[in-house]
Amino acid sequence: DLVIPDLSYRTGPYAAGGIPFSDGYQDYFTLLNERDGGIGGVPVRVIECETGYNTEKGVECYEATKGEGALVYQPLSTGITYQLIPKAAADGIPIHTMGYGRTSAANGEVFRNVFNYPANYWDAASVAVNHLLDENGGSLDGQTIALVYHNSAYGKEPIRTLEELSAKHGFTLNTIAVDHPGQEQKSQWLQIRRERPDYVLMWGWGVMNQVAIQEAANIRFPMENFIGNWWAGAEHDVTPAGAAANGYKSLNMNAVEDMPIFEEIQSTVIDAGMNAGDGSNLGSVLYTRGMYAAMLAAEAIAKAQEIHGEADITPAMMRDGMEALEITEARMAELGMPGIGPEFTVSCSDHGGSGMGLVQQWNAEEGNWVVLTDYIAPDEEVIAPLIEADSMAFAEENGITPGCE
Amino acid sequence: MKDSVEPYVTADGRTIGDRMMEMRNITLRFGGVVAIKDISFDIREGEIRAIIGPNGAGKSSMLNVISGFYHPQEGEVWFRGEKRPSMKPYQVARQGVARTFQNIALFNGMSVLDNVMTGRLRQMKTGLWSQMIWKGPAEREEVENREAVEKIIDFLEIQAIRKTPVGRLPYGLKKRVELARALAAEPDLLLLDEPMAGMNVEEKEDMSRFILDVNDEFGTTIALIEHDMGVVMDLSDRVVVMDYGRKIGDGTPEEVRNNPDVIDAYLGVAHD
Amino acid sequence: MSDQFYYGIEVLLNGLMAGVLYALVALGFVLIYKASGIFNYAQGVMALFAALTLVGIMEGQIPFSHLINAVFGTDLHHFGWEVPALFAILLTVGVMVLFAIAVQRFIFRHLVGQEPIILFMATIGLAYFLEGAGDLMWGSDIKTLDVGIPQGGSFWIEDMTSGLGSENFFGFFIDRLDIVATIVAIILVAALVVFSQYTKQGRALRAVADDHQAALSVGISLNFIWILVWSIAGFVALVAGIMWGAKSGVQFSLSLIALKALPVLMLGGFTSIPGAIVGGLIIGVGEKLFEFLIGAPYLGGATENWFAYVLALIFLVFRPQGLFGERIIERV
Amino acid sequence: MLDTDKTEAATLLDVNNIEVIYNHVILVLKGVSLSVREGGITALLGGNGAGKTTTLKAISNLLQSERGEVTKGSILYKGDRIQDLSPSDLVERGVVQVMEGRHCFEHLTIEENLLTGAYTRRDGSAAIKADLDMVYGYFPRLEERRGSQAGYTSGGEQQMCAIGRALMSRPKMILLDEPSMGLAPQLVEEIFGIVKSLNEEQGVSFLLAEQNTNVALRFSHYGYILESGRIVMDGPAAELRENPDVKEFYLGMSDEGRKSFRDVRSYRRRKRWLS
Amino acid sequence: MLYREAGDFKTSYVEDSQTFPIAFDRYRYWAVLLVAFLVIPLVIDDYWANAVFVPFLIYAIAAIGLNILVGYCGQVSLGTGGFMAVGAYACYKLMTAFPDISIVIHVILAGGITAAVGALFGLPSLRIKGFYLAVATLAAQFFLVWLFNKVSWFYNYSASGQISAPERSVFGIAVTGAQVAPWAQYMICLVFCTVSAIIARNLTRGSTGRKWMAIRDMDIAAEIIGVNPLRAKLSAFAVSSFFVGISGALFFAVYLGAVEVGEAFGIQKSFLVLFMIIIGGLGSIFGSFAGAAFMVLLPVALKVVGVDWLGFPTDTVAHFQLVIVGALIMIFLIAEPHGLAQLWRLTKEKLRLWPFPY
Ligand SMILES: Nc1ncnc2c1ncn2[C@@H]1O[C@H](COP(=O)(O)OP(=O)(O)OP(=O)(O)O)[C@@H](O)[C@H]1O
Ligand SMILES: Nc1ncnc2c1ncn2[C@@H]1O[C@H](COP(=O)(O)OP(=O)(O)OP(=O)(O)O)[C@@H](O)[C@H]1O
Ligand SMILES: [Mg+2]
Ligand SMILES: [Mg+2]
C-alpha cells in the first residue's frame with residue numbers, strides 16, 4: 001500500500017489550527033480509498049502521528065514512520081521541516097511543505113527532496129503588496145505598512161522580502177514583533193494606533209491571531225486594511241472577536257468556496273463514520289487546505305505511477321512524481337474542486353509552484369470567508385534573487401553541487 | 001602579638017594567661033530590640049568560658065557577634081591582640097573559630113561522615129580541577145582528612161552512625177555530631193551554644209567529658225552557653241552573666257554563684 | 001505638551017490596566033502559597049480549565065464527548081440547551097470547589113510536611129493532568145467566551161481627551177474590558193485582604209504555610225484550610241479565565257498567562273495579596289513603558305516578556321522577599 | 001511533693017503495645033504500653049533516641065507527615081480508639097501536643113501564634129481573650145514580645161510561646177515534649193509550677209517526655225522509662241526516684257551524692273535491665 | 001539473601017569512598033558500561049537512536065548538570081532551556097567559524113561559554129533564594145531566547161533564524177549532518193555522557209560537593225562553618241551550566257541537526273529537565289539517568305501502547321498522555337518524594353534485610 005504519514009497536532013497551543021488541517025488531509029485519502037479503491041488501485045494508508053508542534057516528537061514520528069515506506073512528509077511545522085531536510089535527503093524521502101517551511105527550498109537544484117509548492121512566505125508577502133498596489137491604483141508611494149509578526153523564525157520570514165518591496169514601491173515598512181504566545185499585545189496595538197499605518201500585515205499563528213484581531217477592533221483600526229497571511233486567516237482566528245472581526249482580510253493559497261468534493265466527502269466518508277475528526281470542520285479554511293495538500297500528494301502519486309509504470313511506488317519514485325506534477329484547471333474541476341488553487345507545474349529547478357495567492361475577507365454576519373480576488377501573482381523579480389542567494393548559501397555550507405541529474 | 005593580662009590559676013591548677021578574644025563595649029540592636037547593651041568581656045587562651053543568663057538575654061546573639069554573623073552597631077572585637085575588621089562569617093571560621101548551634105544546624109541531607117567532613121573545609125585546599133579528576137591530589141587529600149575525621153568520630157563515639165543521614169538521628173546524637181563537626185575544624189576557639197540541652201544526666205556526663213578532653217588534649221579555648229548550672233559551675237573557669245542584654249556578673253563560678261544580682265535575675269535560689 | 005508625552009501617559013494607563021490583569025492571575029498563586037507554601041504552577045491551567053468549563057456549561061456541551069464518541073462510535077456533542085452566563089458561573093464555581101476537594105484528597109493530603117520543591121513538582125504534575133483532562137472533557141478547539149463584558153476602547157474617554165496634545169491626538173485609548181477587570185480586581189483584593197488579615201481562618205492559613213506539623217498540632221485541619229484556599233484560588237482562576245478568555249477565546253494558550261503572573265508575584269512578594277496588585281501595576285507599567293521608550297524604538301521590540309522578569313529581578317536584589325513579602329527569617 | 005496515689009482515677013489514655021515504623025523499614029517502637037490516669041502527670045523518661053517523641057507523636061497522630069506509622073497495638077483515649085482520628089479532631093477532644101523543638105510559626109507574631117492555639121475553640125472572643133491574658137500572666141516575657149515575629153525571638157521565648165499556644169486550646173490532656181529544653185533554671189521551675197497548677201486547679205492531665213529527670217520526677221505522679229523502643233521500668237515517681245539505677249543513670253547521683261561533672265569517668269556500671 | 005553486603009569489608013578509606021562500595025553494584029555497573037559501549041552500537045538503528053538513546057543520553061547530561069545546581073546546591077533554576085540554547089548557539093558559531101577544529105572541542109568550548117553565562121546569571125543567587133530565585137532564573141530563560149532570536153549574528157544572518165548543523169566528523173566518521181550513522185550519533189553522546197557522569201560524581205563526592213550540599217541544607221550554617229557562599233554558589237552555577245551547555249550543543253548538533261531557539265529551548269525545556277531530576281531524585285547522579293530515561297521513554301511507550309497497540313485516535317492518546325504523565329508524576333511523589341533513586345535505595349535496603357521484614 002501507499003503509506004502517507006500525517007504529522008498532525010491536535011494538542012498544545014496550535015491545536016486549533018492543526019485539527020482541521022489534519023482532518024482534511026486524512027479525509028481526502030479516505031475518500032480515495034473508499035471511492036476509487038486507492039490510487040492506481042493501491043490503497044493509501046495514512047499513519048497519523050501527533051507532534052504537538054514539537055520538534056522532538058516530530059523527529060520521533062519521522063523515525064517511527066519512515067520504516068513503513070512513507071512516501072512523503074507534510075511536517076506542518078517550520079521547525080520540524082528544518083530538521084527533516086537533511087534526514088530526508090539522506091533517506092531519499094520527499095518532503096512537501098505547503099506554504100511554510102524553508103522558502104529557498106523552491107530551488108529544486110539544491111533541495112532535491114523538498115517541495116514547497118504552490119507558494120511560500122516570500123510569495124505571500126509579495127502577493128499582499130501586489131493586492132495593495134491594485135487597490136491603490138498601482139502605487140504605494142508614501143504609504144505606511146506595518147508588519148505585525150510572531151517573533152520567531154516563521155514570523156520573520158517576510159521581512160526581507162517586504163524590505164525589498166518597500167524600496168521598490170516606496171512605502172514605509174514598520175515591523176512590530178509580538179512575542180510568543182501573544183496573549184498580551186497592548187503595546188503593539190497602541191503603537192499602531194499612534195503611528196496610524198495605512199495597512200497592517202500580520203504573520204501570526206495560534207492565540208496571537210485572535211488577540212491581534214480583537215485588539216485591532218478595539219482600537220478601531222479599519223479591518224479592511226488589516227491583512228493576515230494564510231496562517232492567520234481561518235475561522236477560529238476571527239470568531240472569538242465576534243462581530244468586531246467583520247471585514248478582516250487574509251491571504252489564502254486555496255479557495256474556500258463550496259465545491260462538489262465536499263458533498264462526496266460528506267456522503268462517502270463522514271456519513272460512513274470514517275472521518276478523522278468529528279466532521280465539523282468540513283469546508284473550513286484549514287480543512288480545505290489539508291484536503292488540497294492531500295490532493296497534491298495524490299496527484300503526485302498518480303504521476304509517479306505513470307512515470308515508473310508501477311502502482312506500488314517507492315519514495316524515490318514519489319519524488320519524481322512530485323517533480324513532474326502538473327495541476328491544471330481542468331484537472332481540479334475533474335477532481336471536484338474547481339479553482340481550489342492556481343494552476344502550476346513543478347520542475348527540477350522550480351519546486352515552488354506558481355506562488356500565487358488570493359485575498360479573502362471575513363463576513364462576520366454570515367460567518368464565512370468571501371473570496372475577494374483572483375489568484376494574484378507574486379513579484380518574481382524580487383523573490384527569485386532572494387531564493388537564489390539563500391539556497392546557494394545552503395548548498396555551499398553543506399557541500400551540495402546544484403543541478404538536475 | 002598577644003595582649004598580656006594578669007594570669008590566673010584555675011581550679012584544677014592550670015595557669016590561664018593571654019587574651020584570645022576581647023569584646024569591647026558591644027551593642028547590638030534589632031530595630032527596637034536591644035539584644036546586647038554595651039558589653040565587654042574577654043576570653044583567654046585555653047580557658048573554658050561560660051556565658052549564662054535568662055532566656056532572651058542575648059547570649060546566642062553574643063556568639064553570633066563573635067562568629068561574625070551579626071555585626072554590632074557599636075563596639076569592637078579584638079582577636080589575638082588585633083582589632084578585627086568587619087568580616088564575613090566564613091572568614092571568621094577560617095581564622096580558627098568553630099561553633100555549634102542552639103537549634104541544631106546540621107546538614108540534614110548528608111550523612112554523619114559528610115557532615116563532619118564539612119568541618120574540615122579549612123584544611124582542604126584542592127581546586128575544582130583536581131577534584132574533577134579525583135585520582136591524585138584530591139583523593140589523597142580526602143583520605144588524609146578522612147583519617148583525621150575518623151579520629152574525632154572515635155573520640156566522640158559515634159562510629160556506629162557514620163553513614164546514617166543525620167536527619168534521622170535523635171536529638172542528643174545530633175548534638176554530638178555537631179560537636180564533631182566543630183572539632184573537625186581543629187579550631188582555636190570553640191563556641192558551644194547550649195550543647196547539653198535535651199540530654200539526660202548520663203549524656204551530659206559524656207558530653208562534659210568530651211568538652212574537658214578537648215580543652216585538655218588540644219588546648220582548645222571554649223566559650224559555652226548552658227542553662228544547666230551544675231554543668232556550668234563544674235566545667236567553666238570563668239563565667240559571664242547576662243541579663244536583658246546587660247552584663248550583670250563576670251568572674252569565677254564561685255564569685256558568680258554568690259553574686260546577688262545573678263541570684264536575683266537568674267538562679268532564683270542560690271544553687272547547691 | 002508634545003504628543004509623545006500624552007502617548008507616554010496613554011501607555012502608562014494601559015500598563016496599569018494590563019498590570020491589573022496580571023495581578024488577577026497572580027492572586028491565585030499568592031493565596032495558595034500563603035496557605036501552604038505551595039508554589040502552584042497549575043494556576044494558569046486552572047484558569048484555562050475554569051474557563052473551558054464555563055464555556056462548556058454555557059453552551060451545553062457534553063463533557064468527554066470526544067472520548068465517548070471515540071470509544072463507542074456515537075456522535076454526541078451537545079445537550080441542546082444553553083445556560084445563562086450567571087448561572088453557568090455559579091455552576092463552574094461548584095466544579096472548582098469539587099476540584100479543590102479532589103486535589104486535597106488525592107494529592108496534597110499525602111504530601112503534608114514535604115519540602116517545597118516536592119510540592120511544587122506535584123503541582124506541575126497537576127498542571128499536566130488538568131490540561132489533558134480539560135482537553136478530553138471539552139475538546140481542544142478554540143471557544144468563544146462571551147459573558148457580556150464590554151470590549152473595545154471607551155469612546156467617552158477617547159472623546160474627552162482627544163486633541164489634548166496636538167489636534168492629531170486621538171484621545172486616550174482605554175479598553176472597557178480592562179476597566180471592568182480593574183473593578184473586579186479591586187473588589188477581589190479588598191475581600192481577600194479582609195479574609196486573610198482579620199479572620200481566624202486567615203491566621204490559620206499563614207500558620208499552615210509556616211509549619212505543617214505545628215499547625216496540625218494546634219488542631220488546624222489542613223484538609224479544611226487547603227480545600228478552602230484551593231476553592232478560592234479556583235474562583236480567582238475563573239475570574240482570570242473570564243477576563244483573558246474574553247480577549248483571546250478560550251484555548252490552550254490561556255494557561256500560559258501564568259508566565260505573565262510570575263514576575264508580578266516575585267516583585268510583590270509570594271505571600272502578599274496587596275503585593276500582587278502593586279506588583280502587577282509596577283510590572284504592567286514598567287514593561288509597557290520600557291517597550292514604548294526603549295524596546296520598540298531601539299531593541300527591535302517584543303521585549304516585554306523578559307523585561308518583566310528583569311525588572312522584578314532588579315527589585316529583588318534590593319528586597320529579596322519582594323516588595324511586600326514576608327521577611328525571610330535568617331537565624332541560627 | 002505530690003502524693004503519688006492520688007485516686008483510683010479512671011484511665012484517660014491507654015497505649016497498648018504499639019509498634020511504630022518509619023519509612024516502612026525503621027522499627028522504632030517495639031511494643032510500648034503505657035497509661036495516663038485522669039488528672040495525673042505521667043512522665044516518660046529515657047535517653048536520646050529512646051522513642052519518647054515517637055510515642056507522643058503516635059498518640060497525637062502526627063506521625064503520618066513524617067512517613068511513620070503505627071503498625072500494631074492500639075491507642076485509646078477515654079476508651080475510644082483514636083488512631084484514625086485526625087490531629088485536629090484530637091485537639092477538639094482536648095488532646096494537644098507541644099512539639100519538641102518549639103515549632104513556632106515563624107512569620108506570625110507571638111500573639112498571633114497564641115491565637116492560632118485557640119483555633120478549634122468556639123466559645124467566643126471574650127473567653128479567648130481571657131485565656132490570652134492568663135498565658136501572659138504565666139509568661140510575662142511573652143507579653144513584652146507580643147508584637148515580634150516569633151522567628152526572631154530567642155530559643156527560650158519560643159519555647160514559652162509553644163507551651164502558651166497549647167494552653168490556648170483549653171486542653172484536657174497535654175502531651176509535653178521536653179518542655180524544659182533550653183530554658184533557664186528559674187523558668188524550668190516556673191513551667192513545671194504552671195504544669196502543676198494546671199493539673200491541680202483545672203484537672204489537666206499531662207504526659208511528659210523529659211530529659212530533665214530530676215524535675216520531671218519531682219512533679220509527676222507516675223513514670224515510665226523507655227529505652228530503645230521498649231518500656232524497661234515503670235512505677236510511681238517517688239519510687240523511681242529512689243531506685244538506684246535511676247539515681248545513677250538519670251539523676252546523676254552515686255552513692256556519695258551528686259558527682260561533679262569534672263570527675264565523671266567513662267567507666268560505669270552496666271544498667272541492670274540490660275544484663 | 002538476594003542482595004548482600006555482609007562480608008564486604010573495607011580496609012582503607014580509599015575503598016570506602018569509591019563510587020560503588022558494594023561489589024555487587026560494581027559488577028552491575030561494569031556490565032552496564034559494557035553493554036552500552038560494545039553491544040548497543042552494533043544493534044542500534046535510526047529509530048532507536050533518534051527516538052530513544054540519543055535524546056536519553058543528551059537529557060541525562062542536562063539532568064546531571066541541573067541536578068548539581070538544584071539537587072546538590074539547592075538553587076532551583078528554571079533557566080535550563082536558555083542555557084542549553086547558549087550551548088547550542090555557541091557550538092554553532094564555533095562550528096561555522098572554525099570548521100577545521102574537531103567538533104569535540106567545539107562542544108567542550110560551548111560548555112565553557114555556557115558555564116560563564118551561567119555563573120553570570122547565578123550572581124543574583126547570593127541575595128535571592130528559593131522560589132524567588134527560581135522565578136528570577138526565568139529572566140535568563142526569556143532574555144537568552146529573545147537574544148538569540150533577535151541578534152542575527154548568532155544565526156549567521158540566515159533568513160529564517162534557524163541554525164543548521166553542518167556535517168562534521170570525529171576520526172573521519174560523520175557525527176553531525178545528513179550522512180550520520182545512528183551508531184556514530186549514539187557513541188559521541190555516550191562518550192560525553194559517561195565522562196560527564198564521572199566528573200559529576202568526582203565533584204560531588206569530595207569537598208566541593210560537600211560545600212554545595214552544605215549550602216543546600218542550611219546556607220547560613222554553612223557560611224558560619226567556613227563555606228564561602230559566593231564561590232560555592234557560583235561554582236555550582238558554572239559547573240551545572242557547563243554540563244547543560246554541552247547537552248545543548250549535542251542536542252542541536254547531533255540530535256536535531258537544526259533548531260530554532262524559541263521552539264527548541266523554550267521554557268518547556270527548562271521544566272522538562274527539572275521533572276527529570278525530581279522524578280529521578282534530587283542529589284543523585286543515578287537519579288538523573290533514571291529521570292531522563294523515564295521522561296524520554298514514557299511518552300514513546302504510551303504512544304506505542306495507545307496508538308499502535310490499542311488503536312486509539314492520536315489526539316485522544318496525546319491527551320491521555322498528558323493525563324498519565326501528570327498522574328504518574330503525582331503518584332511518584334506521593335509514593336516516594338525523593339525520586340526513583342530513593343525508591344531504588346529503599347528497595348535495596350529491603351532486599352538486604354530480606355527475608356526478615358525489619
Ligand atoms: N522521621 C524519621 N525517620 C526515620 N527514623 C526516625 C525518624 N524520627 C525518629 N527516628 C528514629 O526513631 C528513634 C527514636 O526517636 P525519637 O525522636 O522518638 O527519640 P526521643 O526519645 O524523642 O529522643 P530525644 O530525647 O533525643 O528527643 C531514633 O533512633 C530516630 O533515629
Ligand atoms: N535576628 C534578630 N532579629 C530580631 N531580634 C532578634 C534577632 N536575634 C535575636 N533577637 C532578639 O534578641 C534577644 C536576645 O536573643 P538571643 O537569642 O541572643 O537570646 P539568648 O540569650 O540566646 O536566649 P535563650 O537562652 O532563650 O536562647 C531576644 O529577645 C531576641 O528576640
Ligand atoms: Mg540562645
Ligand atoms: Mg524527643
# chains A, B, ... in the order shown; residues from 1 in each chain; ligands from 1

$ interface_residues --of "chain E" --to "chain A" --cutoff "7 Å" --atoms "only C-alpha atoms" --output "number ranges by chain"
E: 46-47, 50-51, 149, 159-162, 166-167, 177-179, 256-260, 262, 314-315, 318

$ write_last_selection --atoms "C-alpha atoms" --output "PDB file, in the first residue's frame"
ATOM      1  CA  ASP E  46      17.781   5.016  13.255  1.00  0.00           C
ATOM      2  CA  TYR E  47      14.633   4.757  15.272  1.00  0.00           C
ATOM      3  CA  ASN E  50      16.812   9.156  17.343  1.00  0.00           C
ATOM      4  CA  ALA E  51      13.733   8.377  19.335  1.00  0.00           C
ATOM      5  CA  ASN E 149      16.111  35.306  18.245  1.00  0.00           C
ATOM      6  CA  ALA E 159      16.763  34.350   6.598  1.00  0.00           C
ATOM      7  CA  SER E 160      14.690  32.168   8.853  1.00  0.00           C
ATOM      8  CA  GLY E 161      16.653  32.408  12.082  1.00  0.00           C
ATOM      9  CA  GLN E 162      17.090  28.645  12.139  1.00  0.00           C
ATOM     10  CA  PRO E 166      26.911  21.367   9.023  1.00  0.00           C
ATOM     11  CA  GLU E 167      28.489  17.974   8.612  1.00  0.00           C
ATOM     12  CA  GLY E 177      24.827  16.438   9.343  1.00  0.00           C
ATOM     13  CA  ALA E 178      22.819  14.402   6.896  1.00  0.00           C
ATOM     14  CA  GLN E 179      25.069  11.391   6.462  1.00  0.00           C
ATOM     15  CA  LEU E 256      18.106  17.598  15.931  1.00  0.00           C
ATOM     16  CA  GLY E 257      20.570  19.000  13.432  1.00  0.00           C
ATOM     17  CA  ALA E 258      18.583  22.201  13.131  1.00  0.00           C
ATOM     18  CA  VAL E 259      16.910  24.275  15.762  1.00  0.00           C
ATOM     19  CA  GLU E 260      15.020  27.441  16.280  1.00  0.00           C
ATOM     20  CA  GLY E 262      12.154  29.619  20.912  1.00  0.00           C
ATOM     21  CA  THR E 314      -3.774  10.047  18.180  1.00  0.00           C
ATOM     22  CA  ASP E 315      -5.362  13.082  19.784  1.00  0.00           C
ATOM     23  CA  ALA E 318      -1.981  12.631  23.287  1.00  0.00           C
TER      24      ALA E 318
END

$ interface_residues --of "chain D" --to "chain B" --cutoff "6 Å" --atoms "only C-alpha atoms" --output "VMD selection string"
chain D and resid 48 to 49 154 156 181 to 182 184 186 211 to 212 249 to 250 252 261 to 262

$ write_last_selection --atoms "all heavy atoms" --output "short mmCIF file (atom, residue, chain, number, x, y, z; two decimals), in the first residue's frame"
data_model
loop_
_atom_site.label_atom_id
_atom_site.label_comp_id
_atom_site.auth_asym_id
_atom_site.auth_seq_id
_atom_site.Cartn_x
_atom_site.Cartn_y
_atom_site.Cartn_z
N ASN D 48 18.46 9.63 74.70
CA ASN D 48 18.26 10.11 73.34
C ASN D 48 17.93 8.95 72.43
O ASN D 48 18.60 7.93 72.47
CB ASN D 48 19.52 10.78 72.82
CG ASN D 48 19.70 12.13 73.47
OD1 ASN D 48 20.71 12.41 74.06
ND2 ASN D 48 18.68 12.95 73.37
N GLY D 49 16.92 9.18 71.62
CA GLY D 49 16.59 8.17 70.64
C GLY D 49 15.84 7.00 71.22
O GLY D 49 15.63 5.99 70.54
N SER D 154 14.11 34.65 71.02
CA SER D 154 15.16 33.74 71.46
C SER D 154 14.58 32.35 71.66
O SER D 154 13.37 32.16 71.70
CB SER D 154 15.78 34.23 72.75
OG SER D 154 15.01 33.80 73.85
N GLY D 156 14.38 30.39 74.20
CA GLY D 156 13.52 30.22 75.36
C GLY D 156 12.16 30.87 75.15
O GLY D 156 11.12 30.32 75.55
N MET D 181 13.66 21.99 77.78
CA MET D 181 14.84 22.12 76.95
C MET D 181 15.12 23.58 76.62
O MET D 181 14.27 24.31 76.14
CB MET D 181 14.66 21.35 75.65
CG MET D 181 15.88 21.39 74.78
SD MET D 181 15.87 20.10 73.58
CE MET D 181 14.50 20.54 72.58
N GLY D 182 16.34 24.00 76.94
CA GLY D 182 16.75 25.34 76.58
C GLY D 182 16.20 26.43 77.47
O GLY D 182 16.31 27.60 77.13
N ALA D 184 16.03 28.54 81.08
CA ALA D 184 16.85 28.86 82.23
C ALA D 184 16.26 28.16 83.46
O ALA D 184 15.05 27.95 83.52
CB ALA D 184 16.86 30.37 82.44
N GLN D 186 15.44 28.92 86.42
CA GLN D 186 14.31 29.57 87.06
C GLN D 186 13.02 29.29 86.31
O GLN D 186 11.98 28.98 86.88
CB GLN D 186 14.56 31.07 87.03
CG GLN D 186 14.38 31.72 88.35
CD GLN D 186 14.60 33.23 88.19
OE1 GLN D 186 14.99 33.73 87.14
NE2 GLN D 186 14.34 33.93 89.25
N GLN D 211 13.96 14.95 79.58
CA GLN D 211 15.33 14.52 79.83
C GLN D 211 15.75 14.94 81.23
O GLN D 211 16.60 14.33 81.84
CB GLN D 211 16.28 15.20 78.83
CG GLN D 211 16.06 14.77 77.41
CD GLN D 211 16.70 13.45 77.14
OE1 GLN D 211 17.12 12.74 78.05
NE2 GLN D 211 16.76 13.07 75.88
N ASN D 212 15.14 16.02 81.67
CA ASN D 212 15.49 16.54 82.98
C ASN D 212 14.76 15.71 84.03
O ASN D 212 13.74 16.10 84.59
CB ASN D 212 15.09 18.01 83.04
CG ASN D 212 15.68 18.69 84.25
OD1 ASN D 212 16.03 18.02 85.22
ND2 ASN D 212 15.79 20.01 84.19
N PHE D 249 21.79 6.66 86.68
CA PHE D 249 21.81 6.98 85.26
C PHE D 249 20.98 8.20 84.89
O PHE D 249 21.26 8.86 83.92
CB PHE D 249 21.33 5.77 84.44
CG PHE D 249 22.25 4.61 84.55
CD1 PHE D 249 21.92 3.48 85.24
CD2 PHE D 249 23.52 4.70 83.96
CE1 PHE D 249 22.78 2.43 85.35
CE2 PHE D 249 24.39 3.64 84.07
CZ PHE D 249 24.04 2.49 84.76
N TYR D 250 19.97 8.46 85.66
CA TYR D 250 19.10 9.56 85.24
C TYR D 250 19.21 10.77 86.16
O TYR D 250 18.88 11.87 85.78
CB TYR D 250 17.65 9.09 85.15
CG TYR D 250 17.46 8.13 84.02
CD1 TYR D 250 17.48 6.76 84.22
CD2 TYR D 250 17.32 8.60 82.72
CE1 TYR D 250 17.35 5.89 83.18
CE2 TYR D 250 17.20 7.73 81.66
CZ TYR D 250 17.20 6.37 81.89
OH TYR D 250 17.09 5.51 80.84
N GLY D 252 22.07 11.27 88.05
CA GLY D 252 23.47 11.64 88.19
C GLY D 252 23.95 11.60 89.62
O GLY D 252 24.83 12.36 90.02
N PHE D 261 30.68 17.14 87.40
CA PHE D 261 30.84 16.75 86.00
C PHE D 261 32.29 16.64 85.62
O PHE D 261 32.65 16.05 84.63
CB PHE D 261 30.12 17.75 85.11
CG PHE D 261 28.64 17.56 85.10
CD1 PHE D 261 27.82 18.34 85.89
CD2 PHE D 261 28.07 16.59 84.30
CE1 PHE D 261 26.45 18.17 85.87
CE2 PHE D 261 26.70 16.41 84.28
CZ PHE D 261 25.88 17.19 85.08
N ARG D 262 33.13 17.28 86.42
CA ARG D 262 34.55 17.19 86.12
C ARG D 262 35.11 15.81 86.40
O ARG D 262 36.11 15.42 85.84
CB ARG D 262 35.32 18.19 86.97
CG ARG D 262 35.69 19.42 86.19
CD ARG D 262 36.60 20.32 86.94
NE ARG D 262 36.55 21.63 86.31
CZ ARG D 262 37.24 21.92 85.21
NH1 ARG D 262 38.05 21.05 84.67
NH2 ARG D 262 37.13 23.11 84.66
#

$ residues_around --residues "Glu257 in chain A" --least-positions-apart "2" --cutoff "12 Å" --atoms "only C-alpha atoms" --output "PyMOL selection string"
chain A and resi 252+254-255+259-262+282-285+288-289+336-341+360+368-372

$ residues_around --residues "range 67-80 of chain B" --least-positions-apart "3" --cutoff "8 Å" --atoms "only C-alpha atoms" --output "NGL selection string"
(:B and (1-3 or 19-29 or 38 or 61 or 63-64 or 83-84 or 86-89 or 92-93 or 97-98)) or (:E and (224))

$ atom_distance --atom1 "CA of Met332 in chain A" --atom2 "CA of Gly352 in chain A"
18.6 Å

$ atom_distance --atom1 "CA of Asp154 in chain B" --atom2 "CA of Asp213 in chain B"
13.2 Å

$ interface_residues --of "chain E" --to "chain B" --cutoff "10 Å" --atoms "only C-alpha atoms" --output "PyMOL selection string"
chain E and resi 12-17+72+196+198-211+213-229+235+239+283

$ interface_residues --of "chain D" --to "chain E" --cutoff "12 Å" --atoms "only C-alpha atoms" --output "JSON, numbers by chain"
{"D": [19, 20, 21, 22, 23, 24, 25, 26, 27, 28, 30, 65, 66, 67]}

$ write_last_selection --atoms "C-alpha atoms" --output "PDB file, in the first residue's frame"
ATOM      1  CA  GLU D  19       4.831  -0.611  67.229  1.00  0.00           C
ATOM      2  CA  VAL D  20       5.976   2.265  65.061  1.00  0.00           C
ATOM      3  CA  ILE D  21       7.856   2.012  61.820  1.00  0.00           C
ATOM      4  CA  TYR D  22       9.364   4.886  59.881  1.00  0.00           C
ATOM      5  CA  ASN D  23       9.694   4.787  56.133  1.00  0.00           C
ATOM      6  CA  HIS D  24       8.429   1.210  56.135  1.00  0.00           C
ATOM      7  CA  VAL D  25      11.819  -0.009  57.307  1.00  0.00           C
ATOM      8  CA  ILE D  26      12.959   1.567  60.536  1.00  0.00           C
ATOM      9  CA  LEU D  27      11.328  -0.057  63.520  1.00  0.00           C
ATOM     10  CA  VAL D  28      11.427   2.402  66.400  1.00  0.00           C
ATOM     11  CA  LYS D  30       8.845  -2.255  69.733  1.00  0.00           C
ATOM     12  CA  SER D  65       3.522  13.514  57.960  1.00  0.00           C
ATOM     13  CA  GLU D  66       6.883  12.059  58.964  1.00  0.00           C
ATOM     14  CA  ARG D  67       6.285   8.928  56.988  1.00  0.00           C
TER      15      ARG D  67
END
